[in-house]
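Pasted below: my_file-v9.pdb, PDB, C-alpha atoms and all ligand atoms.
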ATOM      1  CA  MET K   1      94.116-178.601  49.773
ATOM      2  CA  THR K   2      97.371-180.533  49.727
ATOM      3  CA  VAL K   3      97.248-184.103  48.495
ATOM      4  CA  ALA K   4      99.029-186.737  50.585
ATOM      5  CA  PRO K   5     101.987-188.337  48.742
ATOM      6  CA  GLU K   6     100.455-191.708  49.641
ATOM      7  CA  THR K   7      97.269-190.768  47.756
ATOM      8  CA  GLU K   8      99.287-189.716  44.706
ATOM      9  CA  ARG K   9     101.222-192.960  44.807
ATOM     10  CA  GLU K  10      98.062-195.060  45.103
ATOM     11  CA  MET K  11      96.423-193.232  42.192
ATOM     12  CA  ASP K  12      99.532-193.664  40.032
ATOM     13  CA  GLU K  13      99.529-197.375  40.810
ATOM     14  CA  LEU K  14      95.815-197.627  40.103
ATOM     15  CA  CYS K  15      96.157-195.894  36.715
ATOM     16  CA  ALA K  16      99.094-198.145  35.795
ATOM     17  CA  GLU K  17      96.984-201.181  36.725
ATOM     18  CA  VAL K  18      94.089-199.935  34.581
ATOM     19  CA  ARG K  19      96.389-199.378  31.597
ATOM     20  CA  ALA K  20      97.648-202.965  31.837
ATOM     21  CA  CYS K  21      94.278-204.467  32.819
ATOM     22  CA  ARG K  22      93.159-207.771  31.317
ATOM     23  CA  ARG K  23      90.173-208.425  33.577
ATOM     24  CA  CYS K  24      87.677-208.623  30.705
ATOM     25  CA  ALA K  25      87.569-209.152  26.955
ATOM     26  CA  LEU K  26      87.655-205.398  26.222
ATOM     27  CA  ALA K  27      91.415-205.666  26.715
ATOM     28  CA  GLU K  28      91.532-207.513  23.383
ATOM     29  CA  THR K  29      89.904-204.737  21.356
ATOM     30  CA  ARG K  30      90.922-201.471  23.058
ATOM     31  CA  ARG K  31      93.787-199.357  21.836
ATOM     32  CA  LEU K  32      94.351-197.479  25.091
ATOM     33  CA  ALA K  33      92.649-197.880  28.433
ATOM     34  CA  VAL K  34      91.306-194.624  29.886
ATOM     35  CA  PRO K  35      91.792-194.504  33.665
ATOM     36  CA  GLY K  36      90.533-190.934  34.233
ATOM     37  CA  GLU K  37      92.080-187.555  34.918
ATOM     38  CA  GLY K  38      91.913-184.487  37.083
ATOM     39  CA  PRO K  39      93.247-183.120  40.356
ATOM     40  CA  LEU K  40      93.248-185.566  43.247
ATOM     41  CA  ASP K  41      91.753-182.907  45.525
ATOM     42  CA  ALA K  42      88.845-182.194  43.144
ATOM     43  CA  GLU K  43      85.570-181.306  44.845
ATOM     44  CA  VAL K  44      83.564-182.627  41.901
ATOM     45  CA  MET K  45      83.932-186.035  40.292
ATOM     46  CA  LEU K  46      82.125-186.748  37.021
ATOM     47  CA  ILE K  47      81.515-190.344  36.009
ATOM     48  CA  GLY K  48      80.647-191.140  32.409
ATOM     49  CA  GLU K  49      79.857-194.436  30.747
ATOM     50  CA  ALA K  50      82.820-195.688  28.713
ATOM     51  CA  PRO K  51      85.498-194.368  26.362
ATOM     52  CA  GLY K  52      84.491-193.771  22.741
ATOM     53  CA  VAL K  53      86.687-193.867  19.689
ATOM     54  CA  ASN K  54      88.509-190.584  20.439
ATOM     55  CA  GLU K  55      89.139-191.511  24.064
ATOM     56  CA  ASP K  56      90.395-194.962  23.016
ATOM     57  CA  ARG K  57      92.955-193.286  20.741
ATOM     58  CA  GLN K  58      94.131-190.689  23.254
ATOM     59  CA  GLY K  59      93.792-192.546  26.574
ATOM     60  CA  ARG K  60      91.887-189.584  28.041
ATOM     61  CA  PRO K  61      88.196-189.303  29.010
ATOM     62  CA  PHE K  62      85.713-187.053  27.187
ATOM     63  CA  VAL K  63      87.953-185.679  24.441
ATOM     64  CA  GLY K  64      85.452-186.008  21.569
ATOM     65  CA  PRO K  65      82.231-184.079  20.795
ATOM     66  CA  ALA K  66      80.581-185.178  24.070
ATOM     67  CA  GLY K  67      83.643-183.859  25.898
ATOM     68  CA  ALA K  68      83.399-180.472  24.167
ATOM     69  CA  PHE K  69      79.771-180.239  25.276
ATOM     70  CA  LEU K  70      80.689-181.376  28.790
ATOM     71  CA  GLU K  71      83.138-178.463  29.000
ATOM     72  CA  GLU K  72      80.318-176.076  27.994
ATOM     73  CA  LEU K  73      78.108-177.578  30.702
ATOM     74  CA  LEU K  74      80.852-177.196  33.295
ATOM     75  CA  ALA K  75      81.195-173.536  32.291
ATOM     76  CA  GLU K  76      77.444-173.121  32.947
ATOM     77  CA  ALA K  77      78.217-174.296  36.485
ATOM     78  CA  GLY K  78      81.169-171.912  36.807
ATOM     79  CA  LEU K  79      83.595-174.837  36.714
ATOM     80  CA  GLY K  80      86.606-175.420  34.489
ATOM     81  CA  ARG K  81      87.655-178.839  33.286
ATOM     82  CA  PRO K  82      91.062-178.609  35.051
ATOM     83  CA  GLU K  83      89.362-178.429  38.464
ATOM     84  CA  VAL K  84      87.176-181.541  38.215
ATOM     85  CA  TYR K  85      88.032-185.251  38.154
ATOM     86  CA  ILE K  86      86.591-187.110  35.157
ATOM     87  CA  CYS K  87      86.402-190.855  34.669
ATOM     88  CA  ASN K  88      84.089-193.575  33.418
ATOM     89  CA  VAL K  89      82.332-196.712  34.641
ATOM     90  CA  LEU K  90      84.282-198.718  32.039
ATOM     91  CA  LYS K  91      87.913-197.900  31.452
ATOM     92  CA  CYS K  92      88.054-199.511  27.989
ATOM     93  CA  ARG K  93      86.008-198.875  24.864
ATOM     94  CA  PRO K  94      83.276-201.378  24.034
ATOM     95  CA  PRO K  95      83.614-202.231  20.322
ATOM     96  CA  GLY K  96      81.328-200.103  18.145
ATOM     97  CA  ASN K  97      80.354-198.070  21.229
ATOM     98  CA  ARG K  98      77.859-200.741  22.281
ATOM     99  CA  ASP K  99      76.384-200.601  25.788
ATOM    100  CA  PRO K 100      78.538-201.933  28.625
ATOM    101  CA  LEU K 101      77.852-205.560  29.581
ATOM    102  CA  PRO K 102      77.141-206.512  33.216
ATOM    103  CA  GLY K 103      80.345-208.587  33.401
ATOM    104  CA  GLU K 104      82.415-205.637  32.161
ATOM    105  CA  ILE K 105      80.864-203.282  34.716
ATOM    106  CA  GLU K 106      81.594-205.847  37.435
ATOM    107  CA  ALA K 107      85.192-206.369  36.266
ATOM    108  CA  CYS K 108      85.860-202.600  36.256
ATOM    109  CA  GLY K 109      83.918-201.799  39.436
ATOM    110  CA  GLY K 110      86.877-201.967  41.811
ATOM    111  CA  TYR K 111      88.749-199.304  39.865
ATOM    112  CA  LEU K 112      85.894-196.827  40.174
ATOM    113  CA  GLY K 113      85.481-197.666  43.862
ATOM    114  CA  ALA K 114      89.161-196.943  44.436
ATOM    115  CA  GLN K 115      88.941-193.642  42.538
ATOM    116  CA  LEU K 116      85.964-192.554  44.640
ATOM    117  CA  ARG K 117      87.890-193.275  47.830
ATOM    118  CA  LEU K 118      91.101-191.614  46.711
ATOM    119  CA  ILE K 119      89.457-188.449  45.350
ATOM    120  CA  ASP K 120      86.809-188.428  48.100
ATOM    121  CA  PRO K 121      84.820-185.717  46.246
ATOM    122  CA  LEU K 122      82.234-183.469  47.836
ATOM    123  CA  LEU K 123      79.914-184.096  44.928
ATOM    124  CA  VAL K 124      79.613-186.935  42.426
ATOM    125  CA  VAL K 125      77.923-186.213  39.086
ATOM    126  CA  THR K 126      76.836-189.315  37.193
ATOM    127  CA  LEU K 127      76.498-188.939  33.425
ATOM    128  CA  GLY K 128      74.062-191.350  31.842
ATOM    129  CA  ARG K 129      72.250-194.516  32.876
ATOM    130  CA  TYR K 130      75.158-196.848  33.597
ATOM    131  CA  SER K 131      76.890-194.426  35.875
ATOM    132  CA  MET K 132      73.590-193.584  37.605
ATOM    133  CA  SER K 133      72.870-197.277  38.225
ATOM    134  CA  ARG K 134      75.896-197.673  40.448
ATOM    135  CA  PHE K 135      74.304-195.285  42.961
ATOM    136  CA  PHE K 136      70.605-195.482  42.047
ATOM    137  CA  PRO K 137      69.869-199.000  40.808
ATOM    138  CA  ASN K 138      66.526-199.623  39.084
ATOM    139  CA  GLN K 139      65.733-195.927  38.734
ATOM    140  CA  ALA K 140      64.733-194.097  35.562
ATOM    141  CA  ILE K 141      67.013-191.197  34.641
ATOM    142  CA  SER K 142      64.007-189.310  33.260
ATOM    143  CA  ARG K 143      62.552-189.263  36.793
ATOM    144  CA  ILE K 144      65.593-188.547  38.969
ATOM    145  CA  HIS K 145      67.957-186.429  36.825
ATOM    146  CA  GLY K 146      69.144-183.270  38.550
ATOM    147  CA  ARG K 147      68.031-184.403  42.014
ATOM    148  CA  ALA K 148      70.939-184.767  44.425
ATOM    149  CA  ARG K 149      70.756-187.436  47.097
ATOM    150  CA  GLU K 150      73.150-188.806  49.666
ATOM    151  CA  VAL K 151      74.210-192.351  48.800
ATOM    152  CA  ARG K 152      76.518-194.285  51.148
ATOM    153  CA  GLY K 153      77.701-191.000  52.653
ATOM    154  CA  ARG K 154      78.265-189.204  49.333
ATOM    155  CA  LEU K 155      76.242-186.481  47.661
ATOM    156  CA  VAL K 156      75.411-187.766  44.179
ATOM    157  CA  VAL K 157      73.493-186.004  41.427
ATOM    158  CA  PRO K 158      72.444-187.990  38.362
ATOM    159  CA  MET K 159      72.520-186.182  35.021
ATOM    160  CA  TYR K 160      71.734-187.160  31.454
ATOM    161  CA  HIS K 161      74.753-188.113  29.386
ATOM    162  CA  PRO K 162      76.120-185.125  27.379
ATOM    163  CA  ALA K 163      76.075-187.291  24.224
ATOM    164  CA  ALA K 164      72.320-187.751  24.710
ATOM    165  CA  ALA K 165      71.844-183.976  24.470
ATOM    166  CA  LEU K 166      73.966-183.845  21.346
ATOM    167  CA  HIS K 167      71.591-186.304  19.714
ATOM    168  CA  GLN K 168      68.284-185.136  21.273
ATOM    169  CA  GLN K 169      67.767-181.390  21.133
ATOM    170  CA  ARG K 170      64.994-181.397  23.748
ATOM    171  CA  LEU K 171      67.439-182.712  26.384
ATOM    172  CA  ARG K 172      69.921-179.901  25.882
ATOM    173  CA  GLY K 173      67.961-177.399  27.958
ATOM    174  CA  VAL K 174      67.335-180.021  30.644
ATOM    175  CA  ILE K 175      71.038-180.793  31.050
ATOM    176  CA  VAL K 176      72.002-177.132  31.066
ATOM    177  CA  ASP K 177      69.438-176.451  33.802
ATOM    178  CA  ASP K 178      70.693-179.432  35.814
ATOM    179  CA  PHE K 179      74.318-178.299  35.578
ATOM    180  CA  ARG K 180      73.329-174.816  36.706
ATOM    181  CA  THR K 181      72.288-176.288  40.062
ATOM    182  CA  LEU K 182      75.840-177.486  40.780
ATOM    183  CA  PRO K 183      77.175-174.296  42.435
ATOM    184  CA  GLY K 184      74.351-174.365  45.009
ATOM    185  CA  LEU K 185      74.842-178.075  45.667
ATOM    186  CA  LEU K 186      78.569-177.561  46.113
ATOM    187  CA  GLU K 187      78.046-174.723  48.535
ATOM    188  CA  GLY K 188      75.749-176.917  50.636
ATOM    189  CA  ALA K 189      78.207-179.809  50.508
ATOM    190  CA  ARG K 190      81.097-177.565  51.609
ATOM    191  CA  ALA K 191      79.080-176.309  54.554
ATOM    192  CA  ALA K 192      78.086-179.850  55.541
ATOM    193  CA  ARG K 193      81.696-181.059  55.403
ATOM    194  CA  ALA K 194      82.919-178.079  57.417
ATOM    195  CA  GLU K 195      80.301-178.835  60.078
ATOM    196  CA  SER K 196      81.193-182.505  60.301
ATOM    197  CA  ALA K 197      84.982-181.947  60.211
ATOM    198  CA  PRO K 198      85.561-181.439  63.969
ATOM    199  CA  ALA K 199      83.545-184.560  64.811
ATOM    200  CA  ALA K 200      85.486-186.608  62.275
ATOM    201  CA  ALA K 201      88.895-185.302  63.368
ATOM    202  CA  GLY K 202      89.772-188.479  65.257
ATOM    203  CA  GLU K 203      88.706-190.819  62.472
ATOM    204  CA  ALA K 204      90.863-192.272  59.725
ATOM    205  CA  PRO K 205      90.342-190.334  56.496
ATOM    206  CA  ALA K 206      88.438-192.214  53.802
ATOM    207  CA  ARG K 207      91.451-192.186  51.500
ATOM    208  CA  GLN K 208      93.379-194.404  53.932
ATOM    209  CA  MET K 209      90.839-197.194  53.535
ATOM    210  CA  ASN K 210      91.345-200.339  51.437
ATOM    211  CA  LEU K 211      92.037-199.692  47.776
ATOM    212  CA  PHE K 212      89.385-202.066  46.508
ATOM    213  CA  GLY K 213      86.546-201.907  49.045
ATOM    214  CA  GLN K 214      83.043-200.979  47.797
ATOM    215  CA  SER K 215      82.217-197.321  47.394
TER
HETATM  216  N1  LIG L 301      81.372-190.817  26.676
HETATM  217  C1  LIG L 301      81.648-191.284  27.903
HETATM  218  O1  LIG L 301      80.790-191.755  28.624
HETATM  219  N2  LIG L 301      82.899-191.212  28.311
HETATM  220  C2  LIG L 301      83.874-190.702  27.596
HETATM  221  O2  LIG L 301      84.994-190.663  28.054
HETATM  222  C3  LIG L 301      83.545-190.194  26.324
HETATM  223  C4  LIG L 301      82.297-190.274  25.878
END
Translate the structure of the given file into structure tokens.
Amino acid sequence: MTVAPETEREMDELCAEVRACRRCALAETRRLAVPGEGPLDAEVMLIGEAPGVNEDRQGRPFVGPAGAFLEELLAEAGLGRPEVYICNVLKCRPPGNRDPLPGEIEACGGYLGAQLRLIDPLLVVTLGRYSMSRFFPNQAISRIHGRAREVRGRLVVPMYHPAAALHQQRLRGVIVDDFRTLPGLLEGARAARAESAPAAAGEAPARQMNLFGQS
């Protein structure tokens, strides 16, 4: 799929805005903001929680041990890292890797909304509780992990966070099994989009919508 120059420009502007962002106090303690990375025509978008120490140093998402495991999980799904878009709920590292605060999630929310609209993925994979909550508020990850549902017109599948499996052996098999369902989900999502394409031909594509609307 070719990516519209307008989409590329908007994403470049968005990433530049994230790198210079001072919307919350994390700007005081971060080294580098981590906007996200991947092809703009990615079919799969993975959303983690927040940068850790390695990400904060490199300005790239999932480059530490959790990232290495994420790449293994993607391989289980027949996917390579270069073909997926990866970002986080928070674009800056919370000091000491503490949990994100509600005000930080709120301050960063527009960036994630804009990324969802610009990438317009077939399938969103949330990694961990904070990412899940954006689409499935007040749900327990232990109950809904691995079950894809349509949320505001997008197919979203909540998964455990890869770091959780690194620390809890019993979750490793669960996450691997959940990732192995991705090829089937993607196939279904492709078929659904192909079916709806003729009907949507006269409508404005999602990526032409407002940069900071809710998604
Ligand atoms: N954990 C996350 O949630 N995101 C990263 O980028 C790295 C670790």
Can you tell me, as JSON, the centre and edge lengths (Å, one decimal) of the axis-aligned box enclosing all of stretch 58-62 of chain K's listed atoms after padding each side by 8 Å?
{"center_x": 89.9, "center_y": -189.8, "center_z": 26.1, "size_x": 24.4, "size_y": 21.5, "size_z": 21.8}
Task: Residues within 8 Å of K:Gly109, all atoms listed in the file, excluding chain neighbours under 4 positions, as a PyMOL selection string - done: chain K and resi 89+105+113
Taking all atoms listed in the file into account, produce a table as a Markdown table in which each residue of chain K with an atom at most 10 Å from an atom of ligand LIG 301 (chain L) appears once, together with its shortest atom pair and the distance in Å to one decimal, ordered by chain and rising number.
| residue | atom | partner | partner_atom | distance |
| --- | --- | --- | --- | --- |
| K:Val34 | CA | L:LIG301 | O2 | 7.7 |
| K:Pro35 | CA | L:LIG301 | O2 | 9.6 |
| K:Gly36 | CA | L:LIG301 | O2 | 8.3 |
| K:Leu46 | CA | L:LIG301 | N2 | 9.8 |
| K:Ile47 | CA | L:LIG301 | O1 | 7.6 |
| K:Gly48 | CA | L:LIG301 | O1 | 3.8 |
| K:Glu49 | CA | L:LIG301 | O1 | 3.5 |
| K:Ala50 | CA | L:LIG301 | O1 | 4.4 |
| K:Pro51 | CA | L:LIG301 | O2 | 4.1 |
| K:Gly52 | CA | L:LIG301 | C3 | 5.2 |
| K:Val53 | CA | L:LIG301 | C3 | 8.2 |
| K:Asn54 | CA | L:LIG301 | C3 | 7.7 |
| K:Glu55 | CA | L:LIG301 | O2 | 5.8 |
| K:Asp56 | CA | L:LIG301 | O2 | 8.5 |
| K:Gly59 | CA | L:LIG301 | O2 | 9.1 |
| K:Arg60 | CA | L:LIG301 | O2 | 7.0 |
| K:Pro61 | CA | L:LIG301 | O2 | 3.6 |
| K:Phe62 | CA | L:LIG301 | O2 | 3.8 |
| K:Val63 | CA | L:LIG301 | C3 | 6.6 |
| K:Gly64 | CA | L:LIG301 | C3 | 6.6 |
| K:Pro65 | CA | L:LIG301 | C4 | 8.0 |
| K:Ala66 | CA | L:LIG301 | C4 | 5.7 |
| K:Gly67 | CA | L:LIG301 | C3 | 6.4 |
| K:Ala68 | CA | L:LIG301 | C3 | 10.0 |
| K:Leu70 | CA | L:LIG301 | C4 | 9.5 |
| K:Ile86 | CA | L:LIG301 | O2 | 8.1 |
| K:Cys87 | CA | L:LIG301 | O2 | 6.8 |
| K:Asn88 | CA | L:LIG301 | N2 | 5.8 |
| K:Val89 | CA | L:LIG301 | O1 | 7.9 |
| K:Leu90 | CA | L:LIG301 | N2 | 8.5 |
| K:Lys91 | CA | L:LIG301 | O2 | 8.5 |
| K:Cys92 | CA | L:LIG301 | O2 | 9.4 |
| K:Arg93 | CA | L:LIG301 | O2 | 8.9 |
| K:Asn97 | CA | L:LIG301 | N1 | 9.1 |
| K:Thr126 | CA | L:LIG301 | O1 | 9.7 |
| K:Leu127 | CA | L:LIG301 | O1 | 7.0 |
| K:Gly128 | CA | L:LIG301 | O1 | 7.5 |
| K:Arg129 | CA | L:LIG301 | O1 | 9.9 |
| K:Tyr130 | CA | L:LIG301 | O1 | 9.1 |
| K:Ser131 | CA | L:LIG301 | O1 | 8.7 |
| K:His161 | CA | L:LIG301 | O1 | 7.1 |
| K:Pro162 | CA | L:LIG301 | N1 | 7.8 |
| K:Ala163 | CA | L:LIG301 | N1 | 6.8 |
| K:Ala164 | CA | L:LIG301 | N1 | 9.8 |
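Considering the residues K:Asp178, K:Glu71, K:Glu8, K:Glu43 and counting all atoms listed in the file, K:Arg190 has its shortest atom-to-atom contact with K:Glu43.
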Task: Spatial neighbours of stretch 134-146 of chain K, 7 Å, all atoms listed in the file, chain gap at least 5 places, as a ChimeraX atom specification - done: /K:129,151,157-160,178
Open item on the list: Can you measure atom CA of K:Cys108 to atom CA of K:Thr7 for me? One decimal in Å is fine.
Closed with: 20.1 Å
TODO: I need the residue set behind the PyMOL selection byres (((chain K and resi 119) around 10) and not hetatm) for this file; please write it as a list in words.
DONE: Val3, Thr7, Glu8, Met11, Gly38, Pro39, Leu40, Asp41, Ala42, Glu43, Val44, Met45, Tyr85, Ala114, Gln115, Leu116, Arg117, Leu118, Asp120, Pro121, Leu122, Ala206 and Arg207 of chain K
For stretch 84-95 of chain K, supply N, CA, C and O atoms and format the output as a CSV table (one decimal), keeping the file's coordinate frame.
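Resulting contents of selection-v1.csv:
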chain,number,residue,atom,x,y,z
K,84,VAL,N,88.0,-180.4,37.9
K,84,VAL,CA,87.2,-181.5,38.2
K,84,VAL,C,87.9,-182.8,37.8
K,84,VAL,O,88.8,-182.8,37.0
K,85,TYR,N,87.5,-183.9,38.5
K,85,TYR,CA,88.0,-185.3,38.2
K,85,TYR,C,87.0,-185.9,37.3
K,85,TYR,O,85.8,-185.9,37.6
K,86,ILE,N,87.5,-186.5,36.1
K,86,ILE,CA,86.6,-187.1,35.2
K,86,ILE,C,87.0,-188.5,34.9
K,86,ILE,O,88.2,-188.8,34.6
K,87,CYS,N,86.1,-189.5,35.0
K,87,CYS,CA,86.4,-190.9,34.7
K,87,CYS,C,85.1,-191.5,34.2
K,87,CYS,O,84.1,-190.9,33.9
K,88,ASN,N,85.2,-192.8,34.0
K,88,ASN,CA,84.1,-193.6,33.4
K,88,ASN,C,83.8,-194.8,34.2
K,88,ASN,O,84.7,-195.3,34.9
K,89,VAL,N,82.6,-195.4,34.0
K,89,VAL,CA,82.3,-196.7,34.6
K,89,VAL,C,83.3,-197.8,34.0
K,89,VAL,O,83.9,-198.5,34.8
K,90,LEU,N,83.3,-197.8,32.7
K,90,LEU,CA,84.3,-198.7,32.0
K,90,LEU,C,85.5,-197.9,31.6
K,90,LEU,O,85.4,-196.8,31.1
K,91,LYS,N,86.7,-198.6,31.8
K,91,LYS,CA,87.9,-197.9,31.5
K,91,LYS,C,88.4,-198.2,30.0
K,91,LYS,O,89.3,-197.7,29.5
K,92,CYS,N,87.7,-199.2,29.4
K,92,CYS,CA,88.1,-199.5,28.0
K,92,CYS,C,86.8,-199.4,27.1
K,92,CYS,O,85.7,-199.6,27.5
K,93,ARG,N,87.1,-199.1,25.8
K,93,ARG,CA,86.0,-198.9,24.9
K,93,ARG,C,85.3,-200.2,24.5
K,93,ARG,O,86.0,-201.1,24.0
K,94,PRO,N,84.0,-200.2,24.6
K,94,PRO,CA,83.3,-201.4,24.0
K,94,PRO,C,83.3,-201.2,22.5
K,94,PRO,O,83.0,-200.2,22.0
K,95,PRO,N,83.5,-202.3,21.8
K,95,PRO,CA,83.6,-202.2,20.3
K,95,PRO,C,82.3,-201.6,19.8
K,95,PRO,O,81.2,-202.0,20.2
